[in-house]
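Inspection log for the structure reproduced underneath, given as structure tokens.
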Protein chains: 4
Amino acid sequence: VSVRLLESLATTEELAAAFGDEAVLEGMLRFEAALARAQAPTGLAPASTAEAIASVSAGMFDRAAIVQGARDSGTIAIAFVSALTARVKATDPAAADAVHRGATSQDLTDTALALCLRTAGAILTRDHQRLSRALRFLSERHRDTVMLARTLLQPAAPTTFGLKAAQWYAGIAHAHEGVSRAFADAAVLQLGGPVGTLAAFGEHGDNIARAMAAELDLAWPGVPWHTERGRFAALAGACATYMGALAKIARDVALLMQAEVSEASEPGGGSSSMPHKRNPAGCAVILAAAARVPGLASSCFSGLANEHERGVGGWHAEALTISEIVQTTGSALAAAANLAEHLSVDEDRMRRNLETFRGVVFPEGGRPEDCLGSAELFRRRLLGDDKR
Amino acid sequence: VSVRLLESLATTEELAAAFGDEAVLEGMLRFEAALARAQAPTGLAPASTAEAIASVSAGMFDRAAIVQGARDSGTIAIAFVSALTARVKATDPAAADAVHRGATSQDLTDTALALCLRTAGAILTRDHQRLSRALRFLSERHRDTVMLARTLLQPAAPTTFGLKAAQWYAGIAHAHEGVSRAFADAAVLQLGGPVGTLAAFGEHGDNIARAMAAELDLAWPGVPWHTERGRFAALAGACATYMGALAKIARDVALLMQAEVSEASEPGGGSSSMPHKRNPAGCAVILAAAARVPGLASSCFSGLANEHERGVGGWHAEALTISEIVQTTGSALAAAANLAEHLSVDEDRMRRNLETFRGVVFPEGGRPEDCLGSAELFRRRLLGDDKR
Amino acid sequence: VSVRLLESLATTEELAAAFGDEAVLEGMLRFEAALARAQAPTGLAPASTAEAIASVSAGMFDRAAIVQGARDSGTIAIAFVSALTARVKATDPAAADAVHRGATSQDLTDTALALCLRTAGAILTRDHQRLSRALRFLSERHRDTVMLARTLLQPAAPTTFGLKAAQWYAGIAHAHEGVSRAFADAAVLQLGGPVGTLAAFGEHGDNIARAMAAELDLAWPGVPWHTERGRFAALAGACATYMGALAKIARDVALLMQAEVSEASEPGGGSSSMPHKRNPAGCAVILAAAARVPGLASSCFSGLANEHERGVGGWHAEALTISEIVQTTGSALAAAANLAEHLSVDEDRMRRNLETFRGVVFPEGGRPEDCLGSAELFRRRLLGDDKR
Amino acid sequence: VSVRLLESLATTEELAAAFGDEAVLEGMLRFEAALARAQAPTGLAPASTAEAIASVSAGMFDRAAIVQGARDSGTIAIAFVSALTARVKATDPAAADAVHRGATSQDLTDTALALCLRTAGAILTRDHQRLSRALRFLSERHRDTVMLARTLLQPAAPTTFGLKAAQWYAGIAHAHEGVSRAFADAAVLQLGGPVGTLAAFGEHGDNIARAMAAELDLAWPGVPWHTERGRFAALAGACATYMGALAKIARDVALLMQAEVSEASEPGGGSSSMPHKRNPAGCAVILAAAARVPGLASSCFSGLANEHERGVGGWHAEALTISEIVQTTGSALAAAANLAEHLSVDEDRMRRNLETFRGVVFPEGGRPEDCLGSAELFRRRLLGDDKR
């Protein structure tokens, strides 16, 4: 089991795995192998180093020792590199000297994080597409389903459920542009050496970086970015914005599902004390995530003022915080996709609720259907079907 | 005076004015005039309404009454519209009926905020350019100024001050892309009517919106966005990321300015108790802003889950919070531009400090100049002078 | 007008005044007068200095110049002291030398903030008592008003409105203990001199501090606290906790006021587009505040790591942030008191809603009244009427 | 291994265990056993139920199934209760019916969290005492060690290292009062049944709660607190304040440890690329934690507005967030205790640095020793040795 009981609502099995120990160790191993391989043609490292590293697997490491090493040195990199070097030395003493040559801890951990983020980003994209499809389907199906629009939780005027679902769709679609861009920007190699000059590689620095990036299928931004952590901050902000769009859906559904309203309901869950009860459990998962992400994003922003060529503390917490933001957002997204795919909509009740408040909603007369024209125009635009 | 004593460090005169009462009232007046003018050709409002509104000026409003009205109704729009209507009625009773016709409070206040943000965005862009120029100048001038790179606040290896300044430059340049995009995305008209369907305008809704947008020089996104507040969240996140890039500069300068280091110093300020003392006051302004913006951004993210067609509370705080984020970031930016334009750099001291720690920095020999090659390559790339 | 349009929902006239320019200037003047007076017996300052300062009033200062001074030096203190000294010099040159003697900027601004907080704290306490009384009254009056309890927004089982109101009461009562304690802890003199040693006063330091504290009616904690900002952080945390208790009330009321539920309604406000509509405007004010305070509190916490004997930036933003936290919480509190005093409760509708869901709520039979016994016991305990 | 690589700096082995799956399961088992045992004398449950529960151990549960159950229902309680009931049924079918009788999910999970917090609180108290002792020792030893006080990172005037250490001591001592109080307040039983009325227990509710509290060594607050989450918010605020006091120490030490200053150094850690380098790794752990806790605390505050008798989402994230706040603070505290116990102080260098800036610090003459009198008075007060 990789998900803990207390974090049940804040991640999923696959997202927890994307940032789990094995993924992190694999990422670090891939970095070191690529680093050695890229140096071989330059003569800076023997070809055997890359081979020796390639024969080491994540399962071979004493993870508790690496954790302890991180507490002693501020980074998991040092104990990892030293264990890796020892392992290489055991099979090929000549190859050991060149392990991690020219790189610094942050090169290793930042690149490993970039690799984890790529895996996680793909999961979020997949679930975003599921959610998008489900919302589009709801919107199409209910393009003529007239219902009560509510402002400040009071009956206001008629709208359609098709328009409401299209607004949910557009909310996540717009926010996802930011998320996509941020994940793409974060899929970059880190390579700078001790102080971000790649001095140890002499004239070969740029070529080594290119070769590594190609092997790891990451971009090489042309420069190290040890203290330029804007990529992660932008990702935090984009996820927090996306999270807000999911939370809007969940809040609406939880309100529509109230027994007194009963216009829609999600699959939901039971109760330990009242077996007859059906709870908006999917909404709870999403709204719980929404309570967490804004604060986590602010932590990322707070850590940006890193001192000189590598800061003390600001960035040290970043990988954990970013991984939590992505997992929490992704957990809410998975719940939202499930919710949207199984949302049941009660058209009759929508119509009846509207009739009940006819006196409030149409003080000067009017018919529910009067809203259909403009609602449909906007609905199609929100779905992107009508170019503006 | 528009800036209060307690907020001295968190805004500037011109940014405070951009979000001040007069600007907000002007924005609301422009919205109402544009709304009436756009309706005239459709016959929904008489041409006289727009004219009558155009003759009203911001100074004519009882601002205390509008503030009180906001506490009673949750929005400044209602008391404003009612005062405006009364004023129009006094000169042209027939024109009064059509004031605010078809629109809702949020149309008015969101559009007014968009107009304020455009003004503020231009200020930030101007100061960003000042800061960019100053940093580029520093980087060029000191391309060969060798200095100690420090990681975790310890001497690490040689670098150049040119590279350090280029990293500052790239930090804000990269972050500014996000800020620019977010300000552009926020320069949009809001128009949806009571529940976001523009039902009251019948077939004319879209044309009215287009005409208004053209007059106000805002974009019309094709749909209302009453509950899709992602634009503001994205702006909050982008400002917070940019703020982090400014804070990094301030922290570095404050550290370089320590008497024990003395490699650079900013104009600074005095002390009330120690006249001989010169303080990094610009850094203090920037770092004070950096303590505020992440939390403010999280407030924006927290407010996104708005109920149904207009939420209760979530978005009600947004205009204030967004205005504070922009003002605080802009205040720091102004201080940073000033700091960078007047930063004095002590090349001799940089060289001397490097020599002092030669034993630490070059345990196996080596010369400071060894870093120049790769430092220069990266420096030029960071400035965008060398395509990667 | 002291409240700006954009901050209408985030403060009140009297709270804005408590932290307004005049209050801040008055506080600083009182500090300087007390400082001079306390030094007179020791011979460190002539008696005339205190008298000269006492003749200066807040209105005499060029506030724009002080704001500009703050941007130049990081603090409003320097320009203030220099203007005050000039003014004293004009009437009594001999007295001018001793103005601010032995003190530092932070002594002045921290003490002025403490004085502002005392004023604000009294306002919050008064409104807390109003709200408490109103909730107690509601709870007593509705001790037998049976209604539907709802969990996860679903009908669950019967409860009483008296118990619900008592839970609201206990929520703020418990949180107010923390707020009270924090305001009391913050009502302290700051006096440390340049580096927190009071060295300039020789053996008189402690006596001067005691005398000043007595005159200003503040506590003297026995030591300066320039870099120990825990008092403000604790106040931020206590306000955020109290804010949460207010938000819980507002959320419940907004939900009860839904037309489909209609069990209670607040005075509310109108709509700019739908005159027939009554909105939960008080709830909107409270929930808007609730979106702001958590982020502002995190800003306070983020600023605590101040360097050495006076930090760069961390604490510089604190006075503004604290003043916003207190004003925003106080604004919500004032709205909540108003809401509770005018809440109308529909007992019949409560009973009817309960009957409607009888099949859900009593799957195995049972009567609404079965809840009365334990509900009443807990209700009385929550009100503090039954010792546990 | 219970600590993951990415969270190495944000917890310790023992703190991770305090909130780990086993601890949570144990806590839930203890709750259910106590609940059954307390009901036996009333006849509501057979004595055999408690016995049967007591024979179940944490290791018997399928944790993955409980995690999945939480995603389906919003809480780990339902799948846990159902697995427990099945297990009891297997050995004693008659006993199974009474498992969890009268309680609700939140009773179970809140009480389990209270039990976890008690364990964690004891760990924090122990480490706080270690840190306090070490700081007191440093302060005593260096009562006469004159050094440069620095304000805004500039040389200001003389102070003693004894006074600086005493300020660190007082910072955590003051903040710890809040932490202690908050942990004590959180050590309470939750028991309310489905809607917080304990209706199912008839007249026995209070006695059952008392008996359970006694068995679990928790307080019974006399009432359920399903929606009154102020205890956790207060704990979050107290931890964030304490975290700030730790961060202040770390920032000071990292600055003192700069090679250019060299007045103190912590045990520190190495570098993966520069074997000669010694990094302030303890400071990095502490400052990384300081970047996380403020945002996490704001998440707690954001979740307080829970709907009616049990909210949707607000509180669902709370247990995880609180556990992270406590672990992160505790991780920093453990690092700080270690740092303080091993801090090496260079008195000669302190003296020399002071001499270097004599011209700046004593513009009008004066001797370093002039500060000793008042510094010593304040030092003793800060340590609590001199009653104020």
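Each chain in the structure tokens gets a letter, A, B, ..., in the order shown, and its residues are numbered from 1; ligands are numbered from 1 in order too.
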Please provide the set of residues having any atom within 12 Å of Thr321 of chain D, restricted to only C-alpha atoms, with same-chain residues fewer than 2 positions apart removed, written as a PyMOL selection string.
(chain A and resi 6-7+9-10+288-289+291-293+295-296+324+328) or (chain D and resi 19+113+232-233+235-236+292-303+314-319+323-328)
Take the residues just selected and output them with N, CA and C atoms as a short mmCIF file (atom, residue, chain, number, x, y, z; two decimals), in the first residue's frame.
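Listed below is the output, result.cif:
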```cif
data_model
loop_
_atom_site.label_atom_id
_atom_site.label_comp_id
_atom_site.auth_asym_id
_atom_site.auth_seq_id
_atom_site.Cartn_x
_atom_site.Cartn_y
_atom_site.Cartn_z
N LEU A 6 -4.46 8.55 6.54
CA LEU A 6 -4.78 9.97 6.72
C LEU A 6 -4.75 10.75 5.41
N GLU A 7 -4.11 10.21 4.40
CA GLU A 7 -4.05 10.95 3.14
C GLU A 7 -4.99 10.36 2.08
N LEU A 9 -7.89 10.96 1.09
CA LEU A 9 -8.63 11.86 0.22
C LEU A 9 -7.72 12.79 -0.58
N ALA A 10 -6.43 12.76 -0.29
CA ALA A 10 -5.53 13.76 -0.86
C ALA A 10 -4.60 13.22 -1.94
N ALA A 288 -12.55 18.99 0.13
CA ALA A 288 -11.44 18.81 1.08
C ALA A 288 -10.12 19.19 0.40
N ALA A 289 -9.97 18.79 -0.84
CA ALA A 289 -8.77 19.16 -1.59
C ALA A 289 -8.70 20.67 -1.77
N ALA A 291 -9.67 22.90 0.20
CA ALA A 291 -9.23 23.56 1.43
C ALA A 291 -7.72 23.50 1.58
N ARG A 292 -7.10 22.52 0.94
CA ARG A 292 -5.67 22.33 1.11
C ARG A 292 -4.80 23.09 0.10
N VAL A 293 -5.21 23.11 -1.15
CA VAL A 293 -4.32 23.57 -2.20
C VAL A 293 -3.91 25.05 -2.10
N GLY A 295 -3.34 27.00 0.43
CA GLY A 295 -2.28 27.16 1.41
C GLY A 295 -0.97 26.54 0.93
N LEU A 296 -1.06 25.38 0.32
CA LEU A 296 0.15 24.74 -0.20
C LEU A 296 0.79 25.60 -1.29
N GLU A 324 2.58 17.45 -3.27
CA GLU A 324 1.28 17.44 -2.59
C GLU A 324 0.23 18.23 -3.37
N THR A 328 -2.99 16.37 -4.64
CA THR A 328 -4.28 16.78 -4.09
C THR A 328 -5.21 17.24 -5.21
N PHE D 19 1.43 9.36 13.47
CA PHE D 19 0.26 9.58 12.62
C PHE D 19 0.15 8.49 11.54
N LEU D 113 -7.76 10.83 16.00
CA LEU D 113 -6.81 11.92 15.78
C LEU D 113 -6.34 12.51 17.11
N PHE D 232 -8.56 22.57 16.55
CA PHE D 232 -7.51 22.27 15.57
C PHE D 232 -6.94 23.56 14.96
N ALA D 233 -7.82 24.51 14.75
CA ALA D 233 -7.33 25.79 14.22
C ALA D 233 -6.36 26.44 15.21
N LEU D 235 -4.54 24.94 17.37
CA LEU D 235 -3.30 24.17 17.35
C LEU D 235 -2.45 24.56 16.14
N ALA D 236 -3.13 24.73 15.01
CA ALA D 236 -2.41 25.15 13.80
C ALA D 236 -1.74 26.50 14.02
N ARG D 292 6.75 25.86 4.87
CA ARG D 292 5.54 25.04 4.72
C ARG D 292 4.42 25.36 5.71
N VAL D 293 4.80 25.60 6.95
CA VAL D 293 3.78 25.64 8.00
C VAL D 293 2.76 26.78 7.86
N PRO D 294 3.18 28.00 7.51
CA PRO D 294 2.16 29.07 7.40
C PRO D 294 1.04 28.73 6.42
N GLY D 295 1.39 28.20 5.27
CA GLY D 295 0.37 27.84 4.29
C GLY D 295 -0.52 26.72 4.80
N LEU D 296 0.07 25.72 5.45
CA LEU D 296 -0.73 24.63 6.00
C LEU D 296 -1.69 25.15 7.06
N ALA D 297 -1.22 26.09 7.88
CA ALA D 297 -2.11 26.65 8.90
C ALA D 297 -3.28 27.37 8.24
N SER D 298 -3.01 28.09 7.17
CA SER D 298 -4.12 28.79 6.51
C SER D 298 -5.13 27.81 5.95
N SER D 299 -4.68 26.63 5.53
CA SER D 299 -5.61 25.60 5.07
C SER D 299 -6.56 25.19 6.20
N CYS D 300 -6.02 25.04 7.39
CA CYS D 300 -6.87 24.70 8.55
C CYS D 300 -7.91 25.79 8.78
N PHE D 301 -7.47 27.03 8.76
CA PHE D 301 -8.42 28.13 8.99
C PHE D 301 -9.49 28.14 7.90
N SER D 302 -9.09 27.87 6.66
CA SER D 302 -10.05 27.89 5.54
C SER D 302 -11.12 26.83 5.66
N GLY D 303 -10.83 25.78 6.38
CA GLY D 303 -11.78 24.67 6.44
C GLY D 303 -12.81 24.79 7.56
N GLY D 314 -14.86 20.85 4.21
CA GLY D 314 -14.06 21.72 5.07
C GLY D 314 -13.21 20.94 6.06
N TRP D 315 -13.87 20.08 6.83
CA TRP D 315 -13.14 19.35 7.87
C TRP D 315 -12.55 18.05 7.33
N HIS D 316 -12.95 17.64 6.15
CA HIS D 316 -12.47 16.34 5.67
C HIS D 316 -10.96 16.30 5.47
N ALA D 317 -10.38 17.48 5.22
CA ALA D 317 -8.93 17.52 4.98
C ALA D 317 -8.14 17.77 6.25
N GLU D 318 -8.86 18.04 7.31
CA GLU D 318 -8.23 18.57 8.52
C GLU D 318 -7.21 17.63 9.16
N ALA D 319 -7.56 16.37 9.29
CA ALA D 319 -6.67 15.45 10.00
C ALA D 319 -5.31 15.39 9.31
N SER D 323 -1.90 16.89 10.89
CA SER D 323 -0.79 15.95 11.13
C SER D 323 0.47 16.47 10.45
N GLU D 324 0.32 17.12 9.31
CA GLU D 324 1.49 17.67 8.62
C GLU D 324 2.07 18.87 9.36
N ILE D 325 1.19 19.70 9.89
CA ILE D 325 1.68 20.86 10.65
C ILE D 325 2.49 20.39 11.85
N VAL D 326 1.95 19.42 12.55
CA VAL D 326 2.63 18.94 13.76
C VAL D 326 3.94 18.25 13.38
N GLN D 327 3.91 17.43 12.35
CA GLN D 327 5.13 16.73 11.95
C GLN D 327 6.20 17.71 11.45
N THR D 328 5.77 18.67 10.66
CA THR D 328 6.75 19.61 10.09
C THR D 328 7.36 20.46 11.19
#
```
Given a cut-off of 7 Å, which residues of chain A touch chain B, counting only C-alpha atoms, written out as a CSV table (one decimal) with N, CA, C and O atoms, in the first residue's frame?
```csv
chain,number,residue,atom,x,y,z
A,149,ALA,N,-32.0,29.5,-12.1
A,149,ALA,CA,-30.6,30.0,-11.8
A,149,ALA,C,-30.7,30.6,-10.4
A,149,ALA,O,-31.7,31.2,-10.0
A,150,ARG,N,-29.6,30.5,-9.6
A,150,ARG,CA,-29.7,31.0,-8.3
A,150,ARG,C,-28.4,31.9,-8.1
A,150,ARG,O,-27.3,31.5,-8.4
A,151,THR,N,-28.7,33.1,-7.6
A,151,THR,CA,-27.6,34.0,-7.2
A,151,THR,C,-27.7,34.2,-5.7
A,151,THR,O,-28.7,34.4,-5.2
A,152,LEU,N,-26.5,34.3,-5.1
A,152,LEU,CA,-26.4,34.4,-3.7
A,152,LEU,C,-27.3,33.3,-3.0
A,152,LEU,O,-27.9,33.6,-1.9
A,153,LEU,N,-27.5,32.2,-3.6
A,153,LEU,CA,-28.3,31.1,-3.1
A,153,LEU,C,-29.8,31.4,-3.1
A,153,LEU,O,-30.6,30.7,-2.4
A,156,ALA,N,-33.3,33.2,-8.9
A,156,ALA,CA,-33.1,34.5,-9.6
A,156,ALA,C,-33.9,34.6,-10.9
A,156,ALA,O,-34.7,35.5,-11.1
A,157,ALA,N,-33.7,33.6,-11.8
A,157,ALA,CA,-34.3,33.7,-13.1
A,157,ALA,C,-34.0,32.3,-13.8
A,157,ALA,O,-33.2,31.5,-13.2
A,171,GLY,N,-14.8,26.4,-17.2
A,171,GLY,CA,-13.9,26.7,-16.1
A,171,GLY,C,-12.7,25.8,-16.0
A,171,GLY,O,-11.6,26.3,-15.9
A,175,ALA,N,-8.7,26.8,-17.2
A,175,ALA,CA,-7.7,26.6,-16.2
A,175,ALA,C,-6.7,25.5,-16.6
A,175,ALA,O,-5.5,25.6,-16.3
A,195,VAL,N,28.0,25.5,-8.7
A,195,VAL,CA,27.4,26.9,-8.6
A,195,VAL,C,26.7,27.4,-9.9
A,195,VAL,O,26.6,28.6,-10.1
A,197,THR,N,27.6,27.0,-13.1
A,197,THR,CA,28.5,27.4,-14.2
A,197,THR,C,28.9,26.2,-15.1
A,197,THR,O,29.5,26.4,-16.1
A,198,LEU,N,28.6,25.0,-14.6
A,198,LEU,CA,29.1,23.8,-15.3
A,198,LEU,C,30.6,23.9,-15.6
A,198,LEU,O,31.1,23.3,-16.6
A,199,ALA,N,31.3,24.6,-14.7
A,199,ALA,CA,32.7,24.8,-14.9
A,199,ALA,C,33.5,23.5,-15.1
A,199,ALA,O,34.4,23.4,-15.9
A,222,GLY,N,18.9,25.5,-21.7
A,222,GLY,CA,20.0,26.2,-22.1
A,222,GLY,C,20.9,26.8,-21.0
A,222,GLY,O,22.0,27.2,-21.1
A,223,VAL,N,20.3,26.8,-19.8
A,223,VAL,CA,20.9,27.3,-18.6
A,223,VAL,C,20.5,26.6,-17.4
A,223,VAL,O,19.4,26.0,-17.4
A,228,GLU,N,16.2,29.8,-9.8
A,228,GLU,CA,15.1,30.4,-10.5
A,228,GLU,C,13.9,29.4,-10.5
A,228,GLU,O,13.8,28.5,-11.4
A,230,GLY,N,10.7,29.7,-10.5
A,230,GLY,CA,9.4,30.2,-11.0
A,230,GLY,C,8.6,29.1,-11.7
A,230,GLY,O,7.4,29.1,-11.7
A,233,ALA,N,6.6,27.5,-9.0
A,233,ALA,CA,5.6,28.5,-8.5
A,233,ALA,C,4.4,28.6,-9.5
A,233,ALA,O,3.3,28.6,-9.1
A,234,ALA,N,4.8,28.7,-10.8
A,234,ALA,CA,3.7,28.8,-11.8
A,234,ALA,C,2.9,27.5,-11.8
A,234,ALA,O,1.7,27.6,-12.0
A,237,GLY,N,0.5,27.8,-8.9
A,237,GLY,CA,-0.6,28.7,-9.1
A,237,GLY,C,-1.6,28.1,-10.1
A,237,GLY,O,-2.8,28.3,-10.0
A,238,ALA,N,-1.1,27.5,-11.1
A,238,ALA,CA,-2.0,26.9,-12.2
A,238,ALA,C,-2.9,25.8,-11.6
A,238,ALA,O,-4.1,25.7,-11.8
A,240,ALA,N,-3.7,25.5,-8.4
A,240,ALA,CA,-4.6,26.1,-7.5
A,240,ALA,C,-5.8,26.7,-8.2
A,240,ALA,O,-7.0,26.7,-7.8
A,241,THR,N,-5.5,27.3,-9.4
A,241,THR,CA,-6.6,27.9,-10.2
A,241,THR,C,-7.5,26.8,-10.7
A,241,THR,O,-8.8,26.9,-10.7
A,244,GLY,N,-9.7,25.4,-8.1
A,244,GLY,CA,-10.9,26.3,-7.8
A,244,GLY,C,-12.0,25.9,-8.8
A,244,GLY,O,-13.2,26.0,-8.4
A,245,ALA,N,-11.7,25.6,-10.0
A,245,ALA,CA,-12.7,25.3,-11.0
A,245,ALA,C,-13.4,24.0,-10.7
A,245,ALA,O,-14.6,23.8,-10.8
A,247,ALA,N,-13.6,22.9,-7.6
A,247,ALA,CA,-14.4,23.1,-6.3
A,247,ALA,C,-15.7,23.7,-6.6
A,247,ALA,O,-16.7,23.5,-6.0
A,248,LYS,N,-15.8,24.6,-7.7
A,248,LYS,CA,-17.0,25.2,-8.1
A,248,LYS,C,-18.0,24.1,-8.5
A,248,LYS,O,-19.2,24.2,-8.1
A,251,ARG,N,-19.2,22.2,-5.3
A,251,ARG,CA,-20.1,23.0,-4.4
A,251,ARG,C,-21.5,23.1,-5.1
A,251,ARG,O,-22.5,22.9,-4.4
A,252,ASP,N,-21.5,23.3,-6.4
A,252,ASP,CA,-22.8,23.3,-7.0
A,252,ASP,C,-23.6,21.9,-6.9
A,252,ASP,O,-24.8,21.9,-6.6
A,294,PRO,N,-4.8,26.0,-1.8
A,294,PRO,CA,-4.4,27.4,-1.7
A,294,PRO,C,-3.3,27.6,-0.7
A,294,PRO,O,-2.3,28.3,-1.0
A,295,GLY,N,-3.3,27.0,0.4
A,295,GLY,CA,-2.3,27.2,1.4
A,295,GLY,C,-1.0,26.5,0.9
A,295,GLY,O,0.1,27.1,1.1
A,297,ALA,N,-0.1,26.2,-2.1
A,297,ALA,CA,0.5,27.1,-3.2
A,297,ALA,C,1.2,28.3,-2.6
A,297,ALA,O,2.3,28.6,-3.0
A,298,SER,N,0.6,28.8,-1.5
A,298,SER,CA,1.3,30.0,-0.9
A,298,SER,C,2.7,29.5,-0.3
A,298,SER,O,3.6,30.3,-0.3
A,301,PHE,N,5.1,29.8,-3.1
A,301,PHE,CA,5.5,31.2,-3.4
A,301,PHE,C,6.4,31.7,-2.3
A,301,PHE,O,7.4,32.5,-2.6
A,302,SER,N,6.2,31.4,-1.0
A,302,SER,CA,7.0,31.8,0.1
A,302,SER,C,8.5,31.4,0.0
A,302,SER,O,9.3,32.0,0.6
A,304,LEU,N,10.4,31.2,-2.6
A,304,LEU,CA,11.1,31.6,-3.8
A,304,LEU,C,12.4,32.5,-3.6
A,304,LEU,O,13.2,32.6,-4.5
A,305,ALA,N,12.5,33.1,-2.4
A,305,ALA,CA,13.6,34.1,-2.2
A,305,ALA,C,14.9,33.4,-1.8
A,305,ALA,O,15.4,33.5,-0.7
A,306,ASN,N,15.4,32.6,-2.7
A,306,ASN,CA,16.6,31.8,-2.4
A,306,ASN,C,17.9,32.6,-2.4
A,306,ASN,O,18.1,33.3,-3.4
A,307,GLU,N,18.7,32.4,-1.4
A,307,GLU,CA,19.9,33.1,-1.3
A,307,GLU,C,21.0,32.7,-2.3
A,307,GLU,O,21.3,31.5,-2.5
A,308,HIS,N,21.6,33.7,-3.0
A,308,HIS,CA,22.7,33.5,-3.8
A,308,HIS,C,22.6,32.3,-4.8
A,308,HIS,O,21.5,32.1,-5.4
A,309,GLU,N,23.6,31.5,-4.9
A,309,GLU,CA,23.6,30.4,-5.9
A,309,GLU,C,22.9,29.1,-5.5
A,309,GLU,O,22.7,28.2,-6.3
A,310,ARG,N,22.5,29.0,-4.2
A,310,ARG,CA,21.6,28.0,-3.8
A,310,ARG,C,21.2,28.3,-2.4
A,310,ARG,O,22.0,28.6,-1.5
A,311,GLY,N,19.9,28.4,-2.2
A,311,GLY,CA,19.3,28.9,-0.9
A,311,GLY,C,19.4,28.0,0.2
A,311,GLY,O,19.7,26.8,0.1
A,312,VAL,N,19.0,28.5,1.4
A,312,VAL,CA,19.0,27.7,2.6
A,312,VAL,C,17.5,27.6,3.0
A,312,VAL,O,16.9,28.5,3.6
A,371,CYS,N,-35.4,32.1,-21.8
A,371,CYS,CA,-34.0,32.1,-21.6
A,371,CYS,C,-33.2,31.3,-22.7
A,371,CYS,O,-32.0,31.3,-22.8
A,374,SER,N,-30.4,32.9,-25.7
A,374,SER,CA,-29.1,33.3,-25.3
A,374,SER,C,-28.4,32.3,-24.5
A,374,SER,O,-27.1,32.1,-24.6
A,375,ALA,N,-29.1,31.5,-23.7
A,375,ALA,CA,-28.4,30.4,-23.0
A,375,ALA,C,-27.7,29.4,-24.0
A,375,ALA,O,-26.6,29.0,-23.8
A,378,PHE,N,-24.5,31.0,-25.5
A,378,PHE,CA,-23.4,31.0,-24.6
A,378,PHE,C,-22.9,29.6,-24.4
A,378,PHE,O,-21.7,29.3,-24.2
A,388,ARG,N,-16.2,32.7,-31.3
A,388,ARG,CA,-16.7,34.0,-30.8
A,388,ARG,C,-16.4,35.1,-31.8
A,388,ARG,O,-15.3,35.6,-31.8
```
What does the distance between atom CA of Gly270 of chain D and atom CA of Ile78 of chain A come to in Å, to one decimal place?
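Atom-to-atom, atom CA of Gly270 of chain D and atom CA of Ile78 of chain A are spaced 7.8 Å apart.
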Strand (DSSP E) per DSSP on the backbone: members of segment 117-360 of chain C, as a PyMOL selection string
chain C and resi 146-151+154-160+264-265+344-345
Quick one: write out the picked residues with C-alpha atoms as a CSV table (one decimal), in the first residue's frame?
```csv
chain,number,residue,atom,x,y,z
C,146,VAL,CA,-37.5,21.0,16.5
C,147,MET,CA,-35.8,21.0,13.1
C,148,LEU,CA,-33.9,18.8,10.7
C,149,ALA,CA,-30.2,18.3,11.4
C,150,ARG,CA,-28.3,18.0,8.2
C,151,THR,CA,-24.9,16.3,7.7
C,154,GLN,CA,-28.4,15.7,3.7
C,155,PRO,CA,-31.3,15.3,6.1
C,156,ALA,CA,-30.0,13.3,9.0
C,157,ALA,CA,-32.1,13.3,12.2
C,158,PRO,CA,-34.0,15.8,14.3
C,159,THR,CA,-32.3,18.4,16.4
C,160,THR,CA,-33.4,21.8,17.8
C,264,ALA,CA,-34.4,31.3,8.7
C,265,SER,CA,-33.6,34.6,7.0
C,344,SER,CA,-36.1,35.7,11.7
C,345,VAL,CA,-36.7,32.0,12.3
```
If I take atom CA of Val188 of chain A and atom CA of Thr109 of chain A, how far is one from the other in Å, to one decimal?
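These two atoms are separated by 12.1 Å.
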